[in-house]
file work_4.txt (compact mmCIF, N, CA and C atoms)
# COMPACT_ATOMS: atom_id res chain seq x y z
N MET A 1 -69.56 46.73 71.04
CA MET A 1 -69.04 45.48 71.46
C MET A 1 -70.06 44.40 71.12
N LYS A 2 -69.56 43.34 70.60
CA LYS A 2 -70.44 42.25 70.20
C LYS A 2 -70.93 41.47 71.41
N PHE A 3 -71.99 40.75 71.19
CA PHE A 3 -72.58 39.95 72.24
C PHE A 3 -71.60 38.88 72.74
N ARG A 4 -70.86 38.29 71.83
CA ARG A 4 -69.87 37.28 72.18
C ARG A 4 -68.82 37.84 73.11
N THR A 5 -68.35 39.01 72.81
CA THR A 5 -67.31 39.64 73.63
C THR A 5 -67.84 39.93 75.02
N ARG A 6 -69.05 40.50 75.08
CA ARG A 6 -69.63 40.79 76.39
C ARG A 6 -69.89 39.49 77.16
N LEU A 7 -70.32 38.48 76.50
CA LEU A 7 -70.55 37.20 77.14
C LEU A 7 -69.23 36.59 77.65
N LEU A 8 -68.18 36.67 76.87
CA LEU A 8 -66.86 36.17 77.27
C LEU A 8 -66.33 36.93 78.47
N ILE A 9 -66.48 38.24 78.46
CA ILE A 9 -66.01 39.05 79.58
C ILE A 9 -66.81 38.73 80.83
N SER A 10 -68.11 38.63 80.74
CA SER A 10 -68.94 38.35 81.92
C SER A 10 -68.65 36.96 82.47
N PHE A 11 -68.49 35.96 81.60
CA PHE A 11 -68.13 34.63 82.09
C PHE A 11 -66.74 34.64 82.71
N GLY A 12 -65.84 35.39 82.14
CA GLY A 12 -64.48 35.50 82.69
C GLY A 12 -64.51 36.09 84.08
N VAL A 13 -65.30 37.16 84.27
CA VAL A 13 -65.42 37.78 85.59
C VAL A 13 -66.07 36.81 86.57
N VAL A 14 -67.15 36.15 86.14
CA VAL A 14 -67.86 35.22 87.01
C VAL A 14 -66.96 34.05 87.41
N VAL A 15 -66.10 33.62 86.53
CA VAL A 15 -65.21 32.50 86.83
C VAL A 15 -63.99 32.97 87.61
N LEU A 16 -63.39 34.09 87.26
CA LEU A 16 -62.14 34.55 87.89
C LEU A 16 -62.33 35.05 89.32
N ILE A 17 -63.42 35.70 89.64
CA ILE A 17 -63.62 36.21 91.00
C ILE A 17 -63.67 35.08 92.02
N PRO A 18 -64.47 34.04 91.82
CA PRO A 18 -64.44 32.94 92.80
C PRO A 18 -63.07 32.24 92.86
N LEU A 19 -62.42 32.09 91.69
CA LEU A 19 -61.08 31.49 91.70
C LEU A 19 -60.11 32.34 92.50
N LEU A 20 -60.19 33.63 92.36
CA LEU A 20 -59.33 34.54 93.09
C LEU A 20 -59.62 34.47 94.59
N VAL A 21 -60.89 34.49 94.95
CA VAL A 21 -61.27 34.41 96.37
C VAL A 21 -60.83 33.08 96.97
N PHE A 22 -61.14 31.98 96.29
CA PHE A 22 -60.73 30.68 96.80
C PHE A 22 -59.22 30.53 96.81
N GLY A 23 -58.55 31.06 95.81
CA GLY A 23 -57.08 30.99 95.76
C GLY A 23 -56.44 31.72 96.93
N LEU A 24 -56.95 32.91 97.25
CA LEU A 24 -56.39 33.65 98.38
C LEU A 24 -56.71 32.95 99.70
N GLY A 25 -57.91 32.39 99.80
CA GLY A 25 -58.27 31.65 101.01
C GLY A 25 -57.40 30.42 101.20
N ILE A 26 -57.18 29.70 100.13
CA ILE A 26 -56.32 28.51 100.20
C ILE A 26 -54.90 28.90 100.55
N ARG A 27 -54.43 29.98 99.97
CA ARG A 27 -53.07 30.46 100.25
C ARG A 27 -52.93 30.81 101.74
N ARG A 28 -53.90 31.51 102.30
CA ARG A 28 -53.87 31.89 103.71
C ARG A 28 -53.90 30.65 104.60
N GLU A 29 -54.77 29.70 104.27
CA GLU A 29 -54.88 28.48 105.08
C GLU A 29 -53.59 27.66 105.00
N MET A 30 -53.00 27.56 103.83
CA MET A 30 -51.74 26.82 103.69
C MET A 30 -50.62 27.52 104.45
N SER A 31 -50.59 28.82 104.44
CA SER A 31 -49.59 29.56 105.21
C SER A 31 -49.74 29.27 106.70
N LYS A 32 -50.98 29.24 107.19
CA LYS A 32 -51.22 28.93 108.60
C LYS A 32 -50.75 27.52 108.92
N ARG A 33 -51.07 26.57 108.05
CA ARG A 33 -50.67 25.18 108.31
C ARG A 33 -49.16 25.01 108.28
N VAL A 34 -48.52 25.62 107.30
CA VAL A 34 -47.06 25.50 107.21
C VAL A 34 -46.40 26.16 108.42
N THR A 35 -46.92 27.31 108.85
CA THR A 35 -46.37 27.99 110.02
C THR A 35 -46.56 27.14 111.27
N ALA A 36 -47.73 26.54 111.43
CA ALA A 36 -47.98 25.68 112.59
C ALA A 36 -47.07 24.46 112.57
N GLN A 37 -46.87 23.87 111.40
CA GLN A 37 -45.99 22.71 111.29
C GLN A 37 -44.55 23.11 111.62
N TYR A 38 -44.12 24.27 111.15
CA TYR A 38 -42.78 24.75 111.43
C TYR A 38 -42.60 24.98 112.93
N LYS A 39 -43.59 25.56 113.58
CA LYS A 39 -43.50 25.79 115.02
C LYS A 39 -43.43 24.47 115.79
N ARG A 40 -44.21 23.47 115.36
CA ARG A 40 -44.14 22.16 116.02
C ARG A 40 -42.77 21.53 115.85
N ARG A 41 -42.19 21.65 114.66
CA ARG A 41 -40.85 21.09 114.42
C ARG A 41 -39.81 21.80 115.26
N VAL A 42 -39.90 23.14 115.35
CA VAL A 42 -38.95 23.90 116.16
C VAL A 42 -39.08 23.51 117.63
N ASP A 43 -40.32 23.38 118.12
CA ASP A 43 -40.53 22.98 119.50
C ASP A 43 -39.96 21.58 119.77
N ALA A 44 -40.15 20.69 118.83
CA ALA A 44 -39.61 19.34 118.98
C ALA A 44 -38.08 19.36 119.01
N LEU A 45 -37.48 20.17 118.14
CA LEU A 45 -36.02 20.26 118.14
C LEU A 45 -35.50 20.91 119.42
N VAL A 46 -36.22 21.90 119.93
CA VAL A 46 -35.82 22.52 121.20
C VAL A 46 -35.87 21.49 122.32
N ASN A 47 -36.88 20.65 122.33
CA ASN A 47 -36.97 19.60 123.34
C ASN A 47 -35.83 18.60 123.22
N VAL A 48 -35.49 18.23 122.01
CA VAL A 48 -34.37 17.30 121.79
C VAL A 48 -33.06 17.93 122.25
N ILE A 49 -32.85 19.18 121.89
CA ILE A 49 -31.62 19.86 122.28
C ILE A 49 -31.55 20.02 123.80
N SER A 50 -32.66 20.36 124.43
CA SER A 50 -32.69 20.48 125.89
C SER A 50 -32.38 19.15 126.56
N ALA A 51 -32.92 18.08 126.01
CA ALA A 51 -32.63 16.75 126.58
C ALA A 51 -31.16 16.40 126.40
N ASP A 52 -30.59 16.72 125.24
CA ASP A 52 -29.16 16.46 125.01
C ASP A 52 -28.30 17.26 125.98
N ILE A 53 -28.65 18.51 126.19
CA ILE A 53 -27.88 19.35 127.11
C ILE A 53 -28.00 18.81 128.53
N ALA A 54 -29.19 18.41 128.94
CA ALA A 54 -29.37 17.86 130.29
C ALA A 54 -28.58 16.56 130.46
N ARG A 55 -28.61 15.71 129.42
CA ARG A 55 -27.87 14.45 129.49
C ARG A 55 -26.36 14.72 129.57
N GLU A 56 -25.88 15.66 128.77
CA GLU A 56 -24.45 16.00 128.79
C GLU A 56 -24.07 16.64 130.13
N SER A 57 -24.94 17.46 130.66
CA SER A 57 -24.68 18.08 131.96
C SER A 57 -24.60 17.02 133.06
N ASP A 58 -25.49 16.05 133.02
CA ASP A 58 -25.45 14.96 134.00
C ASP A 58 -24.17 14.14 133.85
N ARG A 59 -23.79 13.89 132.60
CA ARG A 59 -22.57 13.10 132.35
C ARG A 59 -21.34 13.84 132.89
N ILE A 60 -21.25 15.13 132.62
CA ILE A 60 -20.11 15.91 133.10
C ILE A 60 -20.15 16.03 134.61
N GLY A 61 -21.35 16.20 135.17
CA GLY A 61 -21.48 16.27 136.63
C GLY A 61 -21.01 14.99 137.30
N ALA A 62 -21.34 13.85 136.70
CA ALA A 62 -20.90 12.56 137.26
C ALA A 62 -19.38 12.44 137.18
N ARG A 63 -18.80 12.88 136.07
CA ARG A 63 -17.34 12.83 135.94
C ARG A 63 -16.67 13.75 136.96
N LEU A 64 -17.24 14.94 137.15
CA LEU A 64 -16.67 15.87 138.12
C LEU A 64 -16.83 15.35 139.55
N ALA A 65 -17.95 14.69 139.84
CA ALA A 65 -18.14 14.11 141.17
C ALA A 65 -17.12 13.01 141.43
N ALA A 66 -16.87 12.18 140.41
CA ALA A 66 -15.84 11.14 140.55
C ALA A 66 -14.46 11.76 140.73
N LEU A 67 -14.21 12.84 139.99
CA LEU A 67 -12.93 13.53 140.12
C LEU A 67 -12.79 14.15 141.50
N LYS A 68 -13.89 14.69 142.02
CA LYS A 68 -13.88 15.28 143.36
C LYS A 68 -13.55 14.23 144.41
N SER A 69 -14.18 13.07 144.30
CA SER A 69 -13.92 12.02 145.29
C SER A 69 -12.49 11.51 145.20
N SER A 70 -11.95 11.44 144.00
CA SER A 70 -10.54 11.01 143.87
C SER A 70 -9.60 12.10 144.37
N LEU A 71 -9.99 13.35 144.23
CA LEU A 71 -9.17 14.47 144.71
C LEU A 71 -9.15 14.49 146.24
N VAL A 72 -10.28 14.18 146.86
CA VAL A 72 -10.35 14.14 148.32
C VAL A 72 -9.46 13.03 148.86
N ALA A 73 -9.37 11.93 148.14
CA ALA A 73 -8.57 10.79 148.60
C ALA A 73 -7.10 10.91 148.24
N ASP A 74 -6.71 11.94 147.49
CA ASP A 74 -5.32 12.09 147.05
C ASP A 74 -4.49 12.76 148.15
N ASP A 75 -3.58 11.98 148.76
CA ASP A 75 -2.77 12.50 149.86
C ASP A 75 -1.77 13.56 149.40
N ARG A 76 -1.21 13.39 148.21
CA ARG A 76 -0.22 14.38 147.73
C ARG A 76 -0.89 15.73 147.48
N PHE A 77 -2.11 15.72 146.95
CA PHE A 77 -2.82 16.98 146.74
C PHE A 77 -3.19 17.61 148.09
N ARG A 78 -3.60 16.77 149.04
CA ARG A 78 -3.95 17.27 150.37
C ARG A 78 -2.72 17.85 151.06
N SER A 79 -1.55 17.26 150.85
CA SER A 79 -0.34 17.81 151.48
C SER A 79 -0.03 19.20 150.95
N TRP A 80 -0.38 19.48 149.70
CA TRP A 80 -0.19 20.84 149.20
C TRP A 80 -1.21 21.78 149.83
N VAL A 81 -2.45 21.35 149.96
CA VAL A 81 -3.49 22.21 150.53
C VAL A 81 -3.18 22.53 151.99
N VAL A 82 -2.73 21.54 152.75
CA VAL A 82 -2.51 21.74 154.18
C VAL A 82 -1.15 22.38 154.46
N ARG A 83 -0.09 21.85 153.83
CA ARG A 83 1.26 22.29 154.17
C ARG A 83 1.99 23.03 153.06
N GLY A 84 1.44 23.06 151.87
CA GLY A 84 2.11 23.74 150.76
C GLY A 84 3.19 22.91 150.09
N GLU A 85 3.21 21.60 150.30
CA GLU A 85 4.20 20.71 149.70
C GLU A 85 3.73 20.24 148.33
N ASN A 86 4.64 19.69 147.54
CA ASN A 86 4.34 19.06 146.24
C ASN A 86 3.66 20.02 145.27
N ARG A 87 4.14 21.23 145.14
CA ARG A 87 3.52 22.20 144.24
C ARG A 87 3.60 21.73 142.78
N GLY A 88 4.68 21.08 142.40
CA GLY A 88 4.80 20.58 141.03
C GLY A 88 3.74 19.54 140.70
N TYR A 89 3.44 18.68 141.66
CA TYR A 89 2.40 17.67 141.47
C TYR A 89 1.04 18.33 141.29
N VAL A 90 0.79 19.35 142.10
CA VAL A 90 -0.51 20.04 142.03
C VAL A 90 -0.65 20.79 140.71
N LEU A 91 0.43 21.40 140.23
CA LEU A 91 0.36 22.14 138.96
C LEU A 91 0.04 21.22 137.79
N ASP A 92 0.52 19.99 137.84
CA ASP A 92 0.28 19.03 136.76
C ASP A 92 -0.96 18.18 136.97
N TYR A 93 -1.60 18.29 138.12
CA TYR A 93 -2.71 17.42 138.47
C TYR A 93 -3.89 17.57 137.51
N ALA A 94 -4.27 18.79 137.18
CA ALA A 94 -5.47 19.02 136.36
C ALA A 94 -5.32 18.44 134.95
N GLY A 95 -4.12 18.50 134.38
CA GLY A 95 -3.92 17.95 133.04
C GLY A 95 -4.16 16.46 132.99
N ASP A 96 -3.59 15.75 133.96
CA ASP A 96 -3.79 14.30 134.01
C ASP A 96 -5.22 13.95 134.35
N ALA A 97 -5.79 14.64 135.32
CA ALA A 97 -7.17 14.36 135.73
C ALA A 97 -8.15 14.67 134.61
N MET A 98 -7.88 15.72 133.85
CA MET A 98 -8.75 16.10 132.74
C MET A 98 -8.79 14.99 131.69
N ARG A 99 -7.63 14.47 131.36
CA ARG A 99 -7.59 13.40 130.35
C ARG A 99 -8.23 12.10 130.88
N LEU A 100 -7.98 11.77 132.13
CA LEU A 100 -8.55 10.55 132.70
C LEU A 100 -10.08 10.63 132.83
N ALA A 101 -10.59 11.83 133.13
CA ALA A 101 -12.04 11.99 133.27
C ALA A 101 -12.73 12.20 131.93
N GLY A 102 -11.96 12.40 130.86
CA GLY A 102 -12.56 12.61 129.55
C GLY A 102 -13.13 14.01 129.38
N LEU A 103 -12.56 14.97 130.07
CA LEU A 103 -13.02 16.35 129.97
C LEU A 103 -12.15 17.13 128.99
N ASP A 104 -12.72 18.16 128.41
CA ASP A 104 -11.96 19.02 127.51
C ASP A 104 -11.39 20.24 128.22
N PHE A 105 -11.90 20.51 129.40
CA PHE A 105 -11.54 21.71 130.12
C PHE A 105 -11.60 21.40 131.60
N LEU A 106 -10.54 21.71 132.33
CA LEU A 106 -10.55 21.52 133.77
C LEU A 106 -9.66 22.57 134.42
N GLN A 107 -10.22 23.24 135.39
CA GLN A 107 -9.49 24.26 136.12
C GLN A 107 -9.84 24.09 137.60
N ILE A 108 -8.83 23.91 138.42
CA ILE A 108 -9.04 23.76 139.85
C ILE A 108 -8.68 25.09 140.50
N GLN A 109 -9.62 25.61 141.29
CA GLN A 109 -9.42 26.91 141.94
C GLN A 109 -9.54 26.75 143.45
N ASP A 110 -8.87 27.65 144.17
CA ASP A 110 -9.03 27.65 145.62
C ASP A 110 -10.26 28.47 146.00
N ASP A 111 -10.49 28.65 147.29
CA ASP A 111 -11.69 29.35 147.73
C ASP A 111 -11.68 30.83 147.39
N GLU A 112 -10.52 31.40 147.09
CA GLU A 112 -10.44 32.81 146.69
C GLU A 112 -10.62 33.00 145.18
N GLY A 113 -10.70 31.92 144.44
CA GLY A 113 -10.85 31.99 142.99
C GLY A 113 -9.52 31.98 142.26
N ARG A 114 -8.43 31.74 142.96
CA ARG A 114 -7.10 31.68 142.34
C ARG A 114 -6.90 30.29 141.73
N VAL A 115 -6.39 30.27 140.51
CA VAL A 115 -6.20 29.00 139.80
C VAL A 115 -5.06 28.23 140.44
N VAL A 116 -5.35 27.03 140.89
CA VAL A 116 -4.36 26.15 141.50
C VAL A 116 -3.72 25.28 140.44
N SER A 117 -4.55 24.75 139.54
CA SER A 117 -4.07 23.88 138.48
C SER A 117 -5.01 23.99 137.29
N SER A 118 -4.43 23.97 136.10
CA SER A 118 -5.23 24.08 134.90
C SER A 118 -4.80 22.99 133.92
N GLY A 119 -5.78 22.28 133.39
CA GLY A 119 -5.47 21.19 132.48
C GLY A 119 -5.36 21.62 131.04
N HIS A 120 -5.98 22.69 130.66
CA HIS A 120 -6.00 23.12 129.26
C HIS A 120 -4.94 24.16 128.96
N PHE A 121 -4.62 25.05 129.93
CA PHE A 121 -3.53 26.01 129.78
C PHE A 121 -2.57 25.79 130.93
N LEU A 122 -1.40 25.27 130.64
CA LEU A 122 -0.49 24.83 131.69
C LEU A 122 0.05 25.99 132.54
N HIS A 123 0.21 27.16 131.99
CA HIS A 123 0.80 28.28 132.73
C HIS A 123 -0.25 29.26 133.22
N GLU A 124 -1.42 28.79 133.56
CA GLU A 124 -2.50 29.64 134.01
C GLU A 124 -2.59 29.68 135.54
N TYR A 125 -1.71 28.97 136.24
CA TYR A 125 -1.79 28.90 137.69
C TYR A 125 -1.50 30.27 138.33
N ASP A 126 -2.00 30.45 139.54
CA ASP A 126 -1.87 31.66 140.36
C ASP A 126 -2.61 32.86 139.79
N ARG A 127 -3.37 32.68 138.76
CA ARG A 127 -4.17 33.77 138.20
C ARG A 127 -5.53 33.76 138.88
N LEU A 128 -6.09 34.93 139.10
CA LEU A 128 -7.43 34.99 139.66
C LEU A 128 -8.43 34.72 138.56
N GLY A 129 -9.25 33.72 138.76
CA GLY A 129 -10.27 33.36 137.77
C GLY A 129 -11.63 33.56 138.37
N ARG A 130 -12.63 33.29 137.59
CA ARG A 130 -14.00 33.38 138.09
C ARG A 130 -14.35 32.07 138.77
N ALA A 131 -14.76 32.13 139.99
CA ALA A 131 -15.07 30.92 140.75
C ALA A 131 -16.51 30.47 140.52
N ASP A 132 -17.30 31.20 139.75
CA ASP A 132 -18.71 30.87 139.60
C ASP A 132 -19.04 30.28 138.23
N LEU A 133 -18.07 29.67 137.57
CA LEU A 133 -18.30 29.14 136.22
C LEU A 133 -19.03 27.80 136.22
N GLY A 134 -18.87 27.02 137.25
CA GLY A 134 -19.47 25.68 137.22
C GLY A 134 -20.42 25.46 138.36
N PRO A 135 -21.05 24.28 138.38
CA PRO A 135 -21.97 23.98 139.48
C PRO A 135 -21.21 23.74 140.77
N ASP A 136 -21.84 23.99 141.88
CA ASP A 136 -21.22 23.78 143.18
C ASP A 136 -21.23 22.30 143.49
N LEU A 137 -20.06 21.72 143.58
CA LEU A 137 -19.95 20.29 143.82
C LEU A 137 -19.58 19.99 145.26
N ALA A 138 -19.66 20.98 146.11
CA ALA A 138 -19.29 20.79 147.53
C ALA A 138 -20.33 20.01 148.28

call {"tool": "encode", "arguments": {"input": "work_4.txt", "output": "structure tokens"}}
result
Amino acid sequence: MKFRTRLLISFGVVVLIPLLVFGLGIRREMSKRVTAQYKRRVDALVNVISADIARESDRIGARLAALKSSLVADDRFRSWVVRGENRGYVLDYAGDAMRLAGLDFLQIQDDEGRVVSSGHFLHEYDRLGRADLGPDLA
């Protein structure tokens, strides 16, 4: 092997090894930085989504509280609860109340969990439903 060839190979090794070491180090550091940036972005988005859910929950809670107060003041609904009168009015009550309150889903249940009125499915009354789907507004 000629001197030139040996010199070229030795310079190549001397130059390539540090480039390889620095290249791998830079790659590892960039991976750490990109991962950290991604985690910060995900955490920020989780915070935004949590705030949106809390705001929407408060908005729906306020609408349901207003609906509750109007339901307490409704004499025709109370006459059904106390005496069993006006069943047709009670069956249609949730549909109208749902639209007026701006809700997409409304189901009124008695204390046993039986559906009294449903705004989204009109023929769902008298079915036993889950009474633990929403917050307690009592």

call {"tool": "residues_around", "arguments": {"input": "work_4.txt", "residues": "Asn86 of chain A", "least_positions_apart": "3", "cutoff": "8 Å", "atoms": "only C-alpha atoms", "output": "list of chain:residue names"}}
result
A:Arg76, A:Phe77, A:Ser79, A:Trp80, A:Tyr89, A:Val90

call {"tool": "atom_distance", "arguments": {"input": "work_4.txt", "atom1": "atom N of Gln107 of chain A", "atom2": "atom N of Gly119 of chain A"}}
result
5.0 Å

call {"tool": "atom_distance", "arguments": {"input": "work_4.txt", "atom1": "atom N of Phe105 of chain A", "atom2": "atom C of Arg63 of chain A"}}
result
11.2 Å

call {"tool": "select_by_dssp", "arguments": {"input": "work_4.txt", "residues": "segment 36-136 of chain A", "states": "strand (DSSP E)", "output": "list in words"}}
result
Gln107, Ile108, Gln109, Val115, Val116, Ser117 and Ser118 of chain A

call {"tool": "atom_distance", "arguments": {"input": "work_4.txt", "atom1": "atom CA of Arg40 of chain A", "atom2": "atom C of Val21 of chain A"}}
result
27.6 Å

call {"tool": "closest_residue", "arguments": {"input": "work_4.txt", "among": "A:Asp104, A:Asp58, A:Asp43, A:Asp92", "to": "Val116 of chain A", "atoms": "only N, CA and C atoms"}}
result
A:Asp92

call {"tool": "build_atoms", "arguments": {"input": "work_4.txt", "residues": "segment 22-33 of chain A", "atoms": "all heavy atoms", "output": "PDB file, in the coordinates of the input"}}
result
ATOM      1  N   PHE A  22     -61.140  31.980  96.290  1.00  0.00           N
ATOM      2  CA  PHE A  22     -60.730  30.680  96.800  1.00  0.00           C
ATOM      3  C   PHE A  22     -59.220  30.530  96.810  1.00  0.00           C
ATOM      4  O   PHE A  22     -58.651  29.940  97.731  1.00  0.00           O
ATOM      5  CB  PHE A  22     -61.353  29.540  95.976  1.00  0.00           C
ATOM      6  CG  PHE A  22     -62.816  29.364  96.221  1.00  0.00           C
ATOM      7  CD1 PHE A  22     -63.705  29.311  95.161  1.00  0.00           C
ATOM      8  CD2 PHE A  22     -63.317  29.242  97.503  1.00  0.00           C
ATOM      9  CE1 PHE A  22     -65.059  29.135  95.373  1.00  0.00           C
ATOM     10  CE2 PHE A  22     -64.671  29.065  97.734  1.00  0.00           C
ATOM     11  CZ  PHE A  22     -65.550  29.019  96.661  1.00  0.00           C
ATOM     12  N   GLY A  23     -58.550  31.060  95.810  1.00  0.00           N
ATOM     13  CA  GLY A  23     -57.080  30.990  95.760  1.00  0.00           C
ATOM     14  C   GLY A  23     -56.440  31.720  96.930  1.00  0.00           C
ATOM     15  O   GLY A  23     -55.505  31.206  97.560  1.00  0.00           O
ATOM     16  N   LEU A  24     -56.950  32.910  97.250  1.00  0.00           N
ATOM     17  CA  LEU A  24     -56.390  33.650  98.380  1.00  0.00           C
ATOM     18  C   LEU A  24     -56.710  32.950  99.700  1.00  0.00           C
ATOM     19  O   LEU A  24     -55.878  32.912 100.609  1.00  0.00           O
ATOM     20  CB  LEU A  24     -56.936  35.083  98.389  1.00  0.00           C
ATOM     21  CG  LEU A  24     -56.419  35.986  97.255  1.00  0.00           C
ATOM     22  CD1 LEU A  24     -57.113  37.345  97.304  1.00  0.00           C
ATOM     23  CD2 LEU A  24     -54.926  36.139  97.331  1.00  0.00           C
ATOM     24  N   GLY A  25     -57.910  32.390  99.800  1.00  0.00           N
ATOM     25  CA  GLY A  25     -58.270  31.650 101.010  1.00  0.00           C
ATOM     26  C   GLY A  25     -57.400  30.420 101.200  1.00  0.00           C
ATOM     27  O   GLY A  25     -56.938  30.131 102.315  1.00  0.00           O
ATOM     28  N   ILE A  26     -57.180  29.700 100.130  1.00  0.00           N
ATOM     29  CA  ILE A  26     -56.320  28.510 100.200  1.00  0.00           C
ATOM     30  C   ILE A  26     -54.900  28.900 100.550  1.00  0.00           C
ATOM     31  O   ILE A  26     -54.240  28.245 101.358  1.00  0.00           O
ATOM     32  CB  ILE A  26     -56.387  27.725  98.862  1.00  0.00           C
ATOM     33  CG1 ILE A  26     -57.759  27.071  98.725  1.00  0.00           C
ATOM     34  CG2 ILE A  26     -55.292  26.669  98.800  1.00  0.00           C
ATOM     35  CD1 ILE A  26     -58.006  26.442  97.363  1.00  0.00           C
ATOM     36  N   ARG A  27     -54.430  29.980  99.970  1.00  0.00           N
ATOM     37  CA  ARG A  27     -53.070  30.460 100.250  1.00  0.00           C
ATOM     38  C   ARG A  27     -52.930  30.810 101.740  1.00  0.00           C
ATOM     39  O   ARG A  27     -51.941  30.453 102.391  1.00  0.00           O
ATOM     40  CB  ARG A  27     -52.732  31.665  99.394  1.00  0.00           C
ATOM     41  CG  ARG A  27     -51.334  32.171  99.609  1.00  0.00           C
ATOM     42  CD  ARG A  27     -51.026  33.283  98.599  1.00  0.00           C
ATOM     43  NE  ARG A  27     -49.665  33.690  98.708  1.00  0.00           N
ATOM     44  CZ  ARG A  27     -49.281  34.779  99.377  1.00  0.00           C
ATOM     45  NH1 ARG A  27     -50.165  35.544  99.970  1.00  0.00           N
ATOM     46  NH2 ARG A  27     -48.010  35.082  99.440  1.00  0.00           N
ATOM     47  N   ARG A  28     -53.900  31.510 102.300  1.00  0.00           N
ATOM     48  CA  ARG A  28     -53.870  31.890 103.710  1.00  0.00           C
ATOM     49  C   ARG A  28     -53.900  30.650 104.600  1.00  0.00           C
ATOM     50  O   ARG A  28     -53.147  30.548 105.563  1.00  0.00           O
ATOM     51  CB  ARG A  28     -55.033  32.825 104.015  1.00  0.00           C
ATOM     52  CG  ARG A  28     -55.008  33.364 105.419  1.00  0.00           C
ATOM     53  CD  ARG A  28     -56.089  34.386 105.738  1.00  0.00           C
ATOM     54  NE  ARG A  28     -57.358  34.178 105.084  1.00  0.00           N
ATOM     55  CZ  ARG A  28     -57.879  35.005 104.169  1.00  0.00           C
ATOM     56  NH1 ARG A  28     -57.218  36.083 103.797  1.00  0.00           N
ATOM     57  NH2 ARG A  28     -59.054  34.741 103.636  1.00  0.00           N
ATOM     58  N   GLU A  29     -54.770  29.700 104.270  1.00  0.00           N
ATOM     59  CA  GLU A  29     -54.880  28.480 105.080  1.00  0.00           C
ATOM     60  C   GLU A  29     -53.590  27.660 105.000  1.00  0.00           C
ATOM     61  O   GLU A  29     -53.135  27.122 106.022  1.00  0.00           O
ATOM     62  CB  GLU A  29     -56.061  27.638 104.591  1.00  0.00           C
ATOM     63  CG  GLU A  29     -56.311  26.391 105.389  1.00  0.00           C
ATOM     64  CD  GLU A  29     -56.670  26.650 106.829  1.00  0.00           C
ATOM     65  OE1 GLU A  29     -57.257  27.719 107.132  1.00  0.00           O
ATOM     66  OE2 GLU A  29     -56.344  25.786 107.676  1.00  0.00           O
ATOM     67  N   MET A  30     -53.000  27.560 103.830  1.00  0.00           N
ATOM     68  CA  MET A  30     -51.740  26.820 103.690  1.00  0.00           C
ATOM     69  C   MET A  30     -50.620  27.520 104.450  1.00  0.00           C
ATOM     70  O   MET A  30     -49.771  26.849 105.060  1.00  0.00           O
ATOM     71  CB  MET A  30     -51.372  26.659 102.216  1.00  0.00           C
ATOM     72  CG  MET A  30     -52.284  25.696 101.464  1.00  0.00           C
ATOM     73  SD  MET A  30     -52.394  24.063 102.200  1.00  0.00           S
ATOM     74  CE  MET A  30     -50.754  23.476 101.963  1.00  0.00           C
ATOM     75  N   SER A  31     -50.590  28.820 104.440  1.00  0.00           N
ATOM     76  CA  SER A  31     -49.590  29.560 105.210  1.00  0.00           C
ATOM     77  C   SER A  31     -49.740  29.270 106.700  1.00  0.00           C
ATOM     78  O   SER A  31     -48.744  29.064 107.401  1.00  0.00           O
ATOM     79  CB  SER A  31     -49.709  31.063 104.967  1.00  0.00           C
ATOM     80  OG  SER A  31     -49.367  31.385 103.655  1.00  0.00           O
ATOM     81  N   LYS A  32     -50.980  29.240 107.190  1.00  0.00           N
ATOM     82  CA  LYS A  32     -51.220  28.930 108.600  1.00  0.00           C
ATOM     83  C   LYS A  32     -50.750  27.520 108.920  1.00  0.00           C
ATOM     84  O   LYS A  32     -50.106  27.293 109.953  1.00  0.00           O
ATOM     85  CB  LYS A  32     -52.711  29.057 108.922  1.00  0.00           C
ATOM     86  CG  LYS A  32     -53.165  30.466 109.170  1.00  0.00           C
ATOM     87  CD  LYS A  32     -54.532  30.445 109.846  1.00  0.00           C
ATOM     88  CE  LYS A  32     -55.567  30.967 108.893  1.00  0.00           C
ATOM     89  NZ  LYS A  32     -56.917  30.962 109.457  1.00  0.00           N
ATOM     90  N   ARG A  33     -51.070  26.570 108.050  1.00  0.00           N
ATOM     91  CA  ARG A  33     -50.670  25.180 108.310  1.00  0.00           C
ATOM     92  C   ARG A  33     -49.160  25.010 108.280  1.00  0.00           C
ATOM     93  O   ARG A  33     -48.596  24.301 109.125  1.00  0.00           O
ATOM     94  CB  ARG A  33     -51.320  24.251 107.279  1.00  0.00           C
ATOM     95  CG  ARG A  33     -52.798  24.067 107.500  1.00  0.00           C
ATOM     96  CD  ARG A  33     -53.375  23.088 106.510  1.00  0.00           C
ATOM     97  NE  ARG A  33     -54.823  22.971 106.673  1.00  0.00           N
ATOM     98  CZ  ARG A  33     -55.547  22.070 106.064  1.00  0.00           C
ATOM     99  NH1 ARG A  33     -54.971  21.205 105.242  1.00  0.00           N
ATOM    100  NH2 ARG A  33     -56.840  22.022 106.269  1.00  0.00           N
TER     101      ARG A  33
END
